[in-house]
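*Asks:* What follows is a structure written as structure tokens; I'll ask about it next.
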Amino acid sequence: MAVAEQLTWSFGDAASPDPALLGGKGAGLVRMARLGLPVPPGFILGTPCGRAVTEGGELPDALIAEVDARLADLEAGAGRRFGDDPAPLLVSVRSGAPVSMPGMMDTILNVGLTAAGAAALAAETGDDAFAASSFERLLYGFATTVRGISAGVVEDTLLDLPAGATAADRGAALLQLIEAEGEAAGVGGFPSPRGQLLESIAAVFRSWHSPPAKAYRRHKGIDEAMGTAVVVQLMVFGNRGQDSGSGVCFTRDPATGAAGAYGDVLFDAQGEDVVAGERDTLPLADLRATMPALMDELEGVCATLEQDARDLCDIEFTIEQGRLWILQTRVGQRSGRAAVRLAVAFADEGVITEAEAVARVSDEQLVAARAPVFAAEPPADVVLARGLACSPGAVAGVAALTCESAQRRAEAGESVVLVRPTTAPADLPGVLASAAVVTARGGRASHAAVVARGLDRPAVCGTGPIDVTDGEPLSVDGDRGLVARGALPLSAADEDPTIKRFLEWRDAHRS
Amino acid sequence: MSEGFELVGTGITVVEDDAVVEGPVVFLDTPKAVIEFVGSGDVAGTIVLARGGTTTFLTPVLTAGPKGVITLQGHPESHLGILSREYGIPCVMGVSFRTGVRSDRGETIPADGVRVQLDVAAREGRVLVEPGAPVDDTPPPEPTDADAEAAAMAEQIQVLLNAFQGTIPHGGEGDAQTRAPFTTDVLQLTDENTQRELTVTEANELQRYMAWNLWDFLALRATEGESGLIPRQEYECFGCVQQWQRYPDFYRLILDKVGVDGLIEIGATPRREPANKVNLLHVWCSGFTPLFGRAILGELGLASTDDRAADTRLLLQFMRRLYKGLWGSGDMFTSMRGYQAPMLDQAWIDRFTADQEPVSGPDRRALFTTFNASTELLGFLLHFDNRSGLNDTGPYDLGDGRFMIVRDHFLHDPMYHWHDVAEGLPHCITQAMVFNTHGESLETALMDGGTLFTKPANYLKHLESASVYVRETWDTPASDIRRIDEGEMQAILDLCKPATDRLYRRIAGMSPRDKISCGAQVYYGEFIAAVARAAGVWEQMRDDLDFWELDPVTSQTYYPLVRDGIGVQLVGKLFITGTGFPDLPDGAFDEVPLEALHPLALRGSVAEPEGDPTVLEAAGLAVQTPAGWMLTEAGTTRHAELLAAELAALDTGALAPVYERFLAANGPFKALNTRWQSADEDARWALMGELADIVGRVEPALRRTTEVLPRFGGYAPRLQAALAKVEGGELDFVTSVKVDSLHTVWMELHEDYLQTLGRSREEEGSF
């Protein structure tokens with residue numbers, strides 16, 4: 001191996017987004033940076049580094065020197081300093097192999113914080129809880145993922161704390177644990193910011209050699225020489241107040257294929273809060289109302305990404321104090337109906353050819369697309385409630401307000417719409433007996449949503465209180481996220497002009 | 001006594017009298033023979049001989065007034081004994097003849113037409129026959145082993161008839177001995193112990209007393225032998241099983257409707273008014289007969305008497321609550337109250353006393369005794385030969401050695417279709433009878449079954465005055481119970497005789513199965529309908545809840561109990577040996593622990609619950625549905641109670657930090673599920689590691705929870721099992737609801753925490 005070989009790349013200076021060199025995640029970030037999108041800055045340790053790192057995880061000096069240099073660039077660009085600074089620089093460290101595999105280290109967040117740094121962050125942001133929970137998060141990840149202290153030991157330490165313990169209490173306990181375990185193992189206590197970064201990088205490379213990763217590569221015939229990259233990126237925070245937030249955005253509606261950005265946002269929240277569904281997310285319309293310029297910027301990002309990918313994309317974004325950051329993007333998952341509409345739309349727009357359009361829709365998606373749908377948005381006076389479109393599909397049936405009712409009606413051969421405040425396990429027999437599910441509370445990650453998606457049944461969640469009586473005819477549109485009174489007319493999808501055209505293309509291109 | 005008559009047999013005299021009666025004897029062994037005899041013979045001059053001691057077989061004969069009655073089986077406490085007493089017909093029961101001819105069944109009896117004498121001067125009644133009476137000299141069959149066994153058994157039975165389980169006597173002494181070892185106050189009715197549930201010890205002590213009490217009252221009846229008309233013991237045991245199968249649900253319905261206090265209030269009915277079927281007998285039967293059904297099922301091997309312990313507890317306490325109303329408080333049974341049952345409010349006694357008219361002169365005495373006997377006989381027949389058509393209360397002490405007995409005879413109840421024969425008769429006639437013994441000894445005993453017994457048996461000769469009342473229908477207000485005069489008494493008598501004859505002929509023409517069906521209908525309907533009417537749920541039970549339909553288990557007992565005749569043996573055995581109310585095992589009332597109900601409550605339905613779900617079903621707590629086993633309403637209630645009890649005893653402070661750590665993992669877990677569902681296959685491989693991390697992360701919290709609540713011990717292994725499936729490539733085991741996936745187990749775990757800690761998803765904001 002040539003000694004002079006370049007080992008690291010900043011997102012902006014990589015020659016091309018090559019996953020073999022930069023890993024999947026790194027290549028994606030480079031691609032976005034090259035498109036001029038607002039990506040938090042960072043750098044990549046390429047796959048050749050991994051080959052130079054032993055199974056013990058010792059980093060070569062040359063690599064350490066390059067990391068130091070990259071870090072200096074990052075500090076300069078961000079106007080923050082790694083270590084004890086009034087404005088501490090924080091980074092995340094992720095693994096980034098060219099293909100995903102089990103056993104690889106996931107992500108360490110908030111690398112660079114120390115007890116003093118946390119105090120500085122608290123002073124800077126005026127938010128003690130934010131600083132404490134950021135530090136707790138680093139310590140938890142560092143203890144389990146980098147130092148390999150078992151989750152059992154870490155959790156037992158936290159469980160010994162009294163009820164009502166704060167993030168600061170937990171942080172202190174974790175710090176003590178890391179110090180004690182580190183002394184015992186002879187690897188030292190909780191390191192300096194630079195030490196945290198180097199240990200985290202080493203841990204990623206070490207995880208490449210973990211038994212599950214090795215077994216997976218053997219099983220899949222993946223070359224051991226492939227190696228993993230490491231992504232180091234500036235942390236941005238969506239939980240810095242009401243001018244901050246996190247969200248998920250699709251370039252078009254992944255359920256219907258309709259044009260226009262589609263997604264959810266949560267203000268004053270981290271990305272994980274959006275996915276966890278513990279809080280009810282808001283539609284992007286709310287973002288447009290509060291931050292119109294930022295919404296315009298996001299739509300610009302959508303257009304750029306879609307043009308580049310020539311396909312529907314989904315985007316994870318964070319807003320930090322009014323500034324938009326794009327964290328990740330990938331080709332978006334979509335419903336069968338959306339797959340057909342998107343393929344036809346992209347062909348009509350000249351983005352892809354008819355042949356490509358036909359190839360993009362799987363048989364499974366086509367079957368789903370041909371399922372009956374509600375032809376049009378129903379008149380406002382029959383719309384009973386709107387909520388989150390948690391699982392697609394169209395069902396007209398009768399309302400059941402209890403599981404007993406759902407089971408009884410299903411046994412009698414009725415098509416049942418289960419309407420519940422929330423779902424608990426005891427509701428599952430009712431869900432199984434129903435053709436669609438509506439819940440007043442809960443988001444996309446609520447039990448009802450997870451279960452309905454797993455069963456391929458329409459679900460609308462988070463409708464709020466809903467005025468319906470048992471036995472009343474209802475229609476559930478899991479694509480539009482609405483519940484309507486009465487049985488709405490279903491149209492056979494084959495009469496839909498878009499599907500008709502697609503089927504013609506399909507006949508023409510498949511012979 | 002006429003010269004030359006020869007003593008051929010002895011038995012027990014029902015009512016002692018100095019006069020010897022004499023006349024030709026006729027053996028009646030079928031209803032047809034009875035009807036023909038009454039139609040053609042000189043009833044008044046004849047002494048009739050019957051096989052058994054049941055009441056109604058001889059009905060037409062009794063109403064026509066024979067010269068005397070002899071039975072081969074039975075005892076004066078039997079219904080026929082009571083009846084012949086009321087009619088004043090000389091009667092000797094349980095006679096075994098030394099010589100004579102042979103009946104169809106090989107019994108030795110005097111030949112028809114032979115003149116016999118009945119000597120009833122002493123308790124041992126004697127039967128003599130005229131000289132030259134035919135004698136069958138053929139030697140009796142050689143005694144077989146079976147005969148020897150039967151003889152040995154008869155000896156054993158005699159021991160058990162003389163003393164309860166061979167040791168405890170009848171009466172006050174028996175009461176004291178039975179109660180002596182008891183450690184609870186279950187036989188004392190208090191506000192406290194009628195509101196709450198009984199403990200196992202209380203239930204068992206009450207049942208032991210019930211066994212003695214039943215024996216004390218009825219053991220002798222067990223020997224009354226067979227009826228030629230109505231197979232009463234057969235339908236009774238059949239009816240008892242049906243009661244045990246169905247009463248508990250109806251009792252719950254009644255309790256739901258009126259509550260405990262409302263039930264106690266219904267139990268107080270016999271203090272407020274006579275002529276109501278909520279009376280001493282029916283209150284006694286509300287617990288005794290259905291529990292007897294439980295013992296019969298046990299004897300048949302169709303169920304264990306330990307089964308459905310909650311129902312046993314319910315029945316016992318239901319009966320106690322009725323008694324609480326009846327007595328107010330204190331001793332539960334008349335056997336504890338010196339066999340005295342004066343329960344009517346003094347206002348009634350005052351009214352009855354004021355209304356008294358002397359029973360003076362032979363005509364008036366004859367009218368009264370005939371009226372009493374005829375209405376009683378019809379009451380028996382209308383109720384298919386069982387006791388529920390009559391009820392006595394008293395004695396009410398009037399001073400000067402005088403006392404009053406208040407006696408109800410129920411003659412018409414729209415519940416039974418054959419009561420059409422009693423059209424025009426009132427629902428009930430009530431006789432207030434005042435006795436004056438003028439210093440002669442007369443012991444009275446009012447048994448818990450609502451029947452007066454006296455020693456000596458002939459109490460009617462002390463009757464001094466009486467007044468008679470009618471209640472037209474069961475729902476006639478008590479204020480409209482009105483007195484009737486001699487003219488109306490005669491009018492009732494005039495209706496009784498043809499009604500009795502018609503019903504006798506109708507029953508005689510019924511198939512055996514019809515008789516069982518009607519009899520069981522009485523036995524099953526009788527002991528709940530009056531209380532249900534008072535509670536306002538009778539129509540609902542009858543019309544909406546298929547009250548009259550047979551339970552499948554009852555149906556199943558028909559052949560062994562009725563057709564194969566096991567029922568008669570069982571009733572005798574359970575009465576005599578005092579085994580009708582077996583103890584429940586320790587812990588019987590908590591045999592359904594929270595752990596058994598909890599999975600059903602958590603999951604809504606469970607296809608294959610751990611343990612034996614039929615235990616839950618038997619306790620009325622769960623049912624099997626196409627979706628799996630589910631809790632009933634009672635089960636849901638019971639689960640909530642058990643959970644609340646657990647929470648009350650739980651150190652929630654210790655669990656609070658544990659639950660916080662669970663919640664710290666809950667958000668990431670749910671986010672992971674959502675990411676999983678939208679991830680492609682490649683990305684899922686990376687997520688698998690995160691799933692494993694999160695399972696590892698929650699395990700310490702689970703371990704600590706399990707230290708406090710062992711039932712949480714199942715979650716960690718289930719999560720590990722699901723994880724192993726996922727890592728083995730069965731990706732359904734992440735979120736599928738159809739398998740024990742990570743999501744399924746996690747969701748249940750979270751719900752368990754919420755229920756256990758009494759928290760709601762709303763207050764926690766997690767859905």
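Going through the structure tokens in order, the chains are called A, B, and so on, while each chain numbers its residues from 1 and the ligands are numbered from 1 in the order shown.
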Region 159-386 of chain A: which residues are alpha helix (DSSP H) by DSSP, as a PyMOL selection string?
*Replies:* chain A and resi 159+167-185+193-208+211-220+271-276+284-290+292-309+336-348+354-360+363-369
*Asks:* What lies within 12 Å of Thr463 (chain A) using only C-alpha atoms, ignoring chain neighbours under 4 positions off, as a CSV table (one decimal) with N, CA, C and O atoms, in the first residue's frame?
*Replies:*
chain,number,residue,atom,x,y,z
A,280,ASP,N,-47.2,13.6,18.4
A,280,ASP,CA,-48.0,13.7,17.2
A,280,ASP,C,-47.3,14.7,16.2
A,280,ASP,O,-47.1,15.9,16.6
A,281,THR,N,-46.9,14.2,15.1
A,281,THR,CA,-46.1,15.1,14.1
A,281,THR,C,-47.1,16.0,13.4
A,281,THR,O,-48.3,15.8,13.4
A,383,VAL,N,-66.6,14.5,5.3
A,383,VAL,CA,-65.3,14.2,6.0
A,383,VAL,C,-65.5,14.3,7.5
A,383,VAL,O,-65.9,15.3,8.0
A,384,LEU,N,-65.3,13.2,8.2
A,384,LEU,CA,-65.5,13.1,9.6
A,384,LEU,C,-64.3,13.5,10.4
A,384,LEU,O,-64.3,14.2,11.4
A,385,ALA,N,-63.1,13.1,9.9
A,385,ALA,CA,-61.9,13.4,10.6
A,385,ALA,C,-60.7,13.2,9.6
A,385,ALA,O,-60.8,12.5,8.7
A,386,ARG,N,-59.6,14.0,9.9
A,386,ARG,CA,-58.4,13.8,9.2
A,386,ARG,C,-57.3,13.4,10.2
A,386,ARG,O,-57.3,13.9,11.3
A,387,GLY,N,-56.4,12.6,9.7
A,387,GLY,CA,-55.3,12.2,10.6
A,387,GLY,C,-54.1,11.8,9.8
A,387,GLY,O,-54.0,12.3,8.6
A,388,LEU,N,-53.2,11.1,10.4
A,388,LEU,CA,-52.0,10.7,9.6
A,388,LEU,C,-52.3,9.5,8.8
A,388,LEU,O,-52.9,8.5,9.2
A,389,ALA,N,-51.8,9.5,7.5
A,389,ALA,CA,-52.0,8.4,6.6
A,389,ALA,C,-51.0,7.4,7.0
A,389,ALA,O,-49.8,7.4,6.5
A,390,CYS,N,-51.3,6.5,7.9
A,390,CYS,CA,-50.3,5.6,8.5
A,390,CYS,C,-50.2,4.3,7.7
A,390,CYS,O,-49.1,3.6,7.8
A,419,VAL,N,-62.6,1.6,15.3
A,419,VAL,CA,-62.3,3.0,15.7
A,419,VAL,C,-62.1,2.9,17.2
A,419,VAL,O,-62.9,2.6,18.0
A,420,ARG,N,-60.8,3.3,17.6
A,420,ARG,CA,-60.4,3.2,19.0
A,420,ARG,C,-59.7,4.5,19.4
A,420,ARG,O,-59.1,5.1,18.5
A,421,PRO,N,-59.7,4.8,20.6
A,421,PRO,CA,-58.9,6.0,21.1
A,421,PRO,C,-57.4,5.8,20.9
A,421,PRO,O,-56.7,6.6,20.4
A,422,THR,N,-57.0,4.6,21.3
A,422,THR,CA,-55.6,4.2,21.1
A,422,THR,C,-55.6,2.7,20.9
A,422,THR,O,-56.7,2.1,20.9
A,437,VAL,N,-58.3,0.5,10.3
A,437,VAL,CA,-58.2,0.9,11.7
A,437,VAL,C,-58.1,2.4,11.7
A,437,VAL,O,-57.4,3.0,10.9
A,438,VAL,N,-58.8,3.0,12.7
A,438,VAL,CA,-58.7,4.4,12.9
A,438,VAL,C,-58.4,4.6,14.4
A,438,VAL,O,-59.1,4.0,15.3
A,439,THR,N,-57.4,5.5,14.8
A,439,THR,CA,-57.2,5.8,16.2
A,439,THR,C,-57.2,7.3,16.4
A,439,THR,O,-56.7,8.0,15.5
A,440,ALA,N,-57.7,7.7,17.5
A,440,ALA,CA,-57.7,9.1,17.8
A,440,ALA,C,-56.4,9.7,18.2
A,440,ALA,O,-56.0,10.8,17.9
A,441,ARG,N,-55.6,8.8,18.8
A,441,ARG,CA,-54.2,9.3,19.2
A,441,ARG,C,-53.2,8.4,18.6
A,441,ARG,O,-53.4,7.3,18.2
A,442,GLY,N,-52.0,9.0,18.6
A,442,GLY,CA,-50.8,8.2,18.1
A,442,GLY,C,-50.4,8.6,16.7
A,442,GLY,O,-51.2,9.2,15.9
A,443,GLY,N,-49.1,8.3,16.3
A,443,GLY,CA,-48.6,8.6,15.0
A,443,GLY,C,-48.2,7.4,14.2
A,443,GLY,O,-48.7,6.3,14.4
A,459,ALA,N,-54.8,2.4,7.6
A,459,ALA,CA,-54.9,3.0,8.9
A,459,ALA,C,-54.8,4.5,8.9
A,459,ALA,O,-54.0,5.0,8.1
A,467,ASP,N,-66.5,11.5,16.2
A,467,ASP,CA,-67.9,11.4,16.6
A,467,ASP,C,-68.5,10.3,15.7
A,467,ASP,O,-69.0,10.6,14.6
A,476,VAL,N,-62.6,4.7,5.0
A,476,VAL,CA,-61.3,5.1,5.5
A,476,VAL,C,-60.4,5.1,4.3
A,476,VAL,O,-60.3,4.2,3.5
A,481,GLY,N,-55.4,9.9,4.4
A,481,GLY,CA,-55.4,10.1,5.9
A,481,GLY,C,-56.7,10.7,6.3
A,481,GLY,O,-56.8,11.6,7.1
A,482,LEU,N,-57.8,10.2,5.7
A,482,LEU,CA,-59.1,10.8,6.1
A,482,LEU,C,-60.2,9.7,6.4
A,482,LEU,O,-60.1,8.6,5.8
A,483,VAL,N,-61.1,10.1,7.2
A,483,VAL,CA,-62.3,9.2,7.5
A,483,VAL,C,-63.5,10.0,7.1
A,483,VAL,O,-63.7,11.1,7.5
A,484,ALA,N,-64.4,9.3,6.4
A,484,ALA,CA,-65.6,9.9,5.9
A,484,ALA,C,-66.9,9.1,6.3
A,484,ALA,O,-66.8,7.9,6.5
*Asks:* For the contact check between chain B and chain A, emit one row per residue of chain B within 6 Å, containing the shortest atom pair and the distance in Å rounded to one decimal, counting only C-alpha atoms, chain then rising number order, as CSV.
*Replies:*
residue,atom,partner,partner_atom,distance
B:Leu602,CA,A:Ala426,CA,5.3
B:Arg603,CA,A:Ala426,CA,4.0
B:Gly604,CA,A:Ala426,CA,3.7
B:Ala656,CA,A:Ala163,CA,5.6
B:Pro657,CA,A:Ala163,CA,4.3
B:Gly667,CA,A:Ala276,CA,5.2
B:Lys670,CA,A:Ala276,CA,5.1
B:Ala671,CA,A:Ala276,CA,3.7
B:Thr674,CA,A:Ala445,CA,5.5
B:Asp682,CA,A:Ser100,CA,5.7
B:Ala683,CA,A:Ser100,CA,5.8
B:Trp685,CA,A:Met101,CA,5.0
B:Ala686,CA,A:Pro102,CA,4.7
B:Gly689,CA,A:Pro102,CA,5.5
B:Gly696,CA,A:Ala151,CA,5.9
B:Arg697,CA,A:Ala151,CA,5.0
B:Pro700,CA,A:Gly152,CA,5.5
B:Ser736,CA,A:Gly454,CA,5.7
B:Glu748,CA,A:Pro425,CA,5.7
B:Ser766,CA,A:Glu278,CA,5.5
B:Phe767,CA,A:Gly442,CA,5.0
*Asks:* How far is it from CA of Ala27 (chain A) to CA of Arg360 (chain A), in Å with one decimal?
*Replies:*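 Atom-to-atom, CA of Ala27 (chain A) to CA of Arg360 (chain A), that is 23.3 Å.
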*Asks:* Between CA of Leu616 (chain B) and CA of Leu642 (chain B), what is the spacing in Å?
*Replies:* 14.4 Å
*Asks:* Neighbours of region 479-496 of chain B within 9 Å (only C-alpha atoms; same-chain residues fewer than 4 positions away dropped), as an MDAnalysis selection string?
*Replies:* chainID B and resid 273:275 355 364 367:368 370:371 374:375 378 422:426 430 467:472 500:501
*Asks:* Go ahead and save the residues from that selection, with N, CA, C and O atoms, as an mmCIF file, in the first residue's frame.
*Replies:*
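Printed below is part_8.cif as written:
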data_model
loop_
_atom_site.group_PDB
_atom_site.id
_atom_site.type_symbol
_atom_site.label_atom_id
_atom_site.label_comp_id
_atom_site.auth_asym_id
_atom_site.auth_seq_id
_atom_site.Cartn_x
_atom_site.Cartn_y
_atom_site.Cartn_z
ATOM 1 N N GLU B 273 -94.862 -10.485 55.132
ATOM 2 C CA GLU B 273 -96.136 -11.002 54.661
ATOM 3 C C GLU B 273 -96.149 -12.532 54.606
ATOM 4 O O GLU B 273 -95.132 -13.163 54.351
ATOM 5 N N PRO B 274 -97.322 -13.145 54.841
ATOM 6 C CA PRO B 274 -97.473 -14.577 54.593
ATOM 7 C C PRO B 274 -97.825 -14.756 53.112
ATOM 8 O O PRO B 274 -97.831 -13.793 52.349
ATOM 9 N N ALA B 275 -98.062 -15.995 52.704
ATOM 10 C CA ALA B 275 -98.605 -16.283 51.371
ATOM 11 C C ALA B 275 -97.679 -15.825 50.253
ATOM 12 O O ALA B 275 -98.124 -15.451 49.182
ATOM 13 N N ASP B 355 -109.031 -12.181 64.427
ATOM 14 C CA ASP B 355 -109.961 -12.827 63.490
ATOM 15 C C ASP B 355 -110.364 -14.238 63.916
ATOM 16 O O ASP B 355 -111.179 -14.880 63.242
ATOM 17 N N ARG B 364 -117.809 -28.227 62.258
ATOM 18 C CA ARG B 364 -116.833 -27.194 61.957
ATOM 19 C C ARG B 364 -115.413 -27.776 62.002
ATOM 20 O O ARG B 364 -114.568 -27.476 61.172
ATOM 21 N N LEU B 367 -114.984 -29.718 58.842
ATOM 22 C CA LEU B 367 -114.770 -28.823 57.710
ATOM 23 C C LEU B 367 -113.317 -28.334 57.713
ATOM 24 O O LEU B 367 -112.634 -28.346 56.704
ATOM 25 N N PHE B 368 -112.878 -27.939 58.905
ATOM 26 C CA PHE B 368 -111.548 -27.355 58.950
ATOM 27 C C PHE B 368 -110.473 -28.383 58.633
ATOM 28 O O PHE B 368 -109.556 -28.133 57.845
ATOM 29 N N THR B 370 -110.737 -31.154 56.964
ATOM 30 C CA THR B 370 -110.814 -31.546 55.551
ATOM 31 C C THR B 370 -110.231 -30.457 54.660
ATOM 32 O O THR B 370 -109.506 -30.719 53.705
ATOM 33 N N PHE B 371 -110.550 -29.202 55.015
ATOM 34 C CA PHE B 371 -110.044 -28.076 54.240
ATOM 35 C C PHE B 371 -108.512 -28.059 54.276
ATOM 36 O O PHE B 371 -107.830 -27.959 53.257
ATOM 37 N N SER B 374 -107.192 -31.235 52.393
ATOM 38 C CA SER B 374 -107.448 -31.253 50.946
ATOM 39 C C SER B 374 -106.577 -30.224 50.221
ATOM 40 O O SER B 374 -106.047 -30.495 49.146
ATOM 41 N N THR B 375 -106.452 -29.038 50.816
ATOM 42 C CA THR B 375 -105.622 -28.033 50.154
ATOM 43 C C THR B 375 -104.153 -28.437 50.217
ATOM 44 O O THR B 375 -103.388 -28.197 49.287
ATOM 45 N N LEU B 378 -103.660 -31.111 47.534
ATOM 46 C CA LEU B 378 -103.628 -30.520 46.196
ATOM 47 C C LEU B 378 -102.327 -29.734 45.992
ATOM 48 O O LEU B 378 -101.732 -29.764 44.919
ATOM 49 N N ALA B 422 -106.304 -25.974 38.457
ATOM 50 C CA ALA B 422 -106.618 -25.209 39.670
ATOM 51 C C ALA B 422 -107.230 -23.859 39.335
ATOM 52 O O ALA B 422 -107.280 -22.965 40.179
ATOM 53 N N GLU B 423 -107.702 -23.729 38.092
ATOM 54 C CA GLU B 423 -108.355 -22.486 37.682
ATOM 55 C C GLU B 423 -109.464 -22.157 38.673
ATOM 56 O O GLU B 423 -110.230 -23.029 39.068
ATOM 57 N N GLY B 424 -109.525 -20.931 39.102
ATOM 58 C CA GLY B 424 -110.557 -20.537 40.055
ATOM 59 C C GLY B 424 -110.101 -20.618 41.496
ATOM 60 O O GLY B 424 -110.741 -20.061 42.381
ATOM 61 N N LEU B 425 -108.993 -21.324 41.719
ATOM 62 C CA LEU B 425 -108.457 -21.399 43.084
ATOM 63 C C LEU B 425 -107.456 -20.262 43.289
ATOM 64 O O LEU B 425 -106.799 -19.833 42.346
ATOM 65 N N PRO B 426 -107.347 -19.790 44.521
ATOM 66 C CA PRO B 426 -106.398 -18.695 44.764
ATOM 67 C C PRO B 426 -104.958 -19.185 44.710
ATOM 68 O O PRO B 426 -104.683 -20.384 44.806
ATOM 69 N N THR B 430 -104.059 -19.184 53.390
ATOM 70 C CA THR B 430 -103.277 -19.089 54.621
ATOM 71 C C THR B 430 -104.188 -19.394 55.808
ATOM 72 O O THR B 430 -105.265 -18.809 55.928
ATOM 73 N N SER B 467 -108.438 -18.966 61.643
ATOM 74 C CA SER B 467 -108.972 -18.031 60.654
ATOM 75 C C SER B 467 -108.255 -18.333 59.343
ATOM 76 O O SER B 467 -107.110 -18.768 59.347
ATOM 77 N N VAL B 468 -108.949 -18.110 58.242
ATOM 78 C CA VAL B 468 -108.410 -18.528 56.939
ATOM 79 C C VAL B 468 -108.439 -17.328 55.995
ATOM 80 O O VAL B 468 -109.386 -16.535 56.014
ATOM 81 N N TYR B 469 -107.374 -17.244 55.152
ATOM 82 C CA TYR B 469 -107.210 -16.091 54.259
ATOM 83 C C TYR B 469 -106.847 -16.574 52.858
ATOM 84 O O TYR B 469 -106.328 -17.687 52.683
ATOM 85 N N VAL B 470 -107.091 -15.717 51.905
ATOM 86 C CA VAL B 470 -106.632 -16.055 50.550
ATOM 87 C C VAL B 470 -105.835 -14.879 49.979
ATOM 88 O O VAL B 470 -106.092 -13.714 50.281
ATOM 89 N N ARG B 471 -104.852 -15.266 49.152
ATOM 90 C CA ARG B 471 -104.156 -14.305 48.291
ATOM 91 C C ARG B 471 -104.476 -14.765 46.880
ATOM 92 O O ARG B 471 -104.109 -15.872 46.477
ATOM 93 N N GLU B 472 -105.127 -13.909 46.107
ATOM 94 C CA GLU B 472 -105.694 -14.369 44.837
ATOM 95 C C GLU B 472 -104.619 -14.772 43.833
ATOM 96 O O GLU B 472 -104.696 -15.816 43.203
ATOM 97 N N THR B 500 -108.045 -32.097 42.068
ATOM 98 C CA THR B 500 -107.142 -33.160 42.490
ATOM 99 C C THR B 500 -107.340 -34.410 41.628
ATOM 100 O O THR B 500 -106.376 -35.009 41.152
ATOM 101 N N ASP B 501 -108.605 -34.772 41.424
ATOM 102 C CA ASP B 501 -108.879 -35.970 40.613
ATOM 103 C C ASP B 501 -108.381 -35.793 39.187
ATOM 104 O O ASP B 501 -107.776 -36.700 38.610
#
*Asks:* Identify, on the basis of only C-alpha atoms, every residue whose closest approach to region 98-102 of chain B does not exceed 7 Å; exclude the query and any residue fewer than 4 positions from it along the same chain; express the result as a VMD selection string.
*Replies:* chain B and resid 8 to 9 106 to 111 134 to 136
*Asks:* Name the residues of region 41-256 of chain B that come out as strand (DSSP E or B) in a backbone DSSP run; write them as a PyMOL selection string.
*Replies:* chain B and resi 47-50+68-71+91-97+101-102+108-109+115-119+124-129+164+168+188-189
*Asks:* In Å, rounded to a single decimal, give me how far CA of Ile516 (chain B) is from CA of Gly567 (chain B).
*Replies:*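 Distance between the two atoms: 12.0 Å.
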*Asks:* Of the candidates B:Ala627, B:Val159, B:Met319, B:Val15, which shows the shortest atom-to-atom distance to Val260 (chain B), using only C-alpha atoms?
*Replies:*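 Closest to Val260 (chain B), using only C-alpha atoms: B:Met319.
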*Asks:* Could you give me, as a PDB file with C-alpha atoms, in the first residue's frame, the residues within 9 Å of Leu282 (chain A), counting only C-alpha atoms and dropping anything in the same chain fewer than 4 positions from it?
*Replies:*
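To be explicit, this is the file written out as part31.pdb:
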ATOM      1  CA  GLY A 263     -43.878  14.839   5.061  1.00  0.00           C
ATOM      2  CA  ASP A 264     -43.968  15.467   8.789  1.00  0.00           C
ATOM      3  CA  VAL A 265     -42.218  17.865  11.079  1.00  0.00           C
ATOM      4  CA  LEU A 266     -41.826  18.199  14.842  1.00  0.00           C
ATOM      5  CA  PHE A 267     -40.625  21.467  16.290  1.00  0.00           C
ATOM      6  CA  ASP A 286     -47.322  23.829   9.399  1.00  0.00           C
ATOM      7  CA  LEU A 287     -43.695  24.382   8.419  1.00  0.00           C
ATOM      8  CA  LEU A 388     -52.013  10.696   9.624  1.00  0.00           C
TER       9      LEU A 388
END
*Asks:* Considering only C-alpha atoms, tabulate each residue of region 233-308 of chain A that lies at most 9 Å from region 41-64 of chain A along with its nearest interatomic pair and the corresponding distance in Å to one decimal; arrange the rows by chain and ascending residue number and present them as JSON lines.
*Replies:*
{"residue": "A:Gln233", "atom": "CA", "partner": "A:Gly42", "partner_atom": "CA", "distance": 4.0}
{"residue": "A:Leu234", "atom": "CA", "partner": "A:Pro41", "partner_atom": "CA", "distance": 5.7}
{"residue": "A:Met235", "atom": "CA", "partner": "A:Pro41", "partner_atom": "CA", "distance": 9.0}
*Asks:* Under the rule of at most 12 Å, produce a per-residue listing of region 574-651 of chain B near region 285-288 of chain B: chain, number, name, the closest pair of atoms, and the distance in Å, as a tab-separated table, using only C-alpha atoms.
*Replies:*
residue	atom	partner	partner_atom	distance
B:Phe575	CA	B:Phe288	CA	11.6
B:Gly580	CA	B:Phe288	CA	9.0
B:Phe581	CA	B:Phe288	CA	8.6
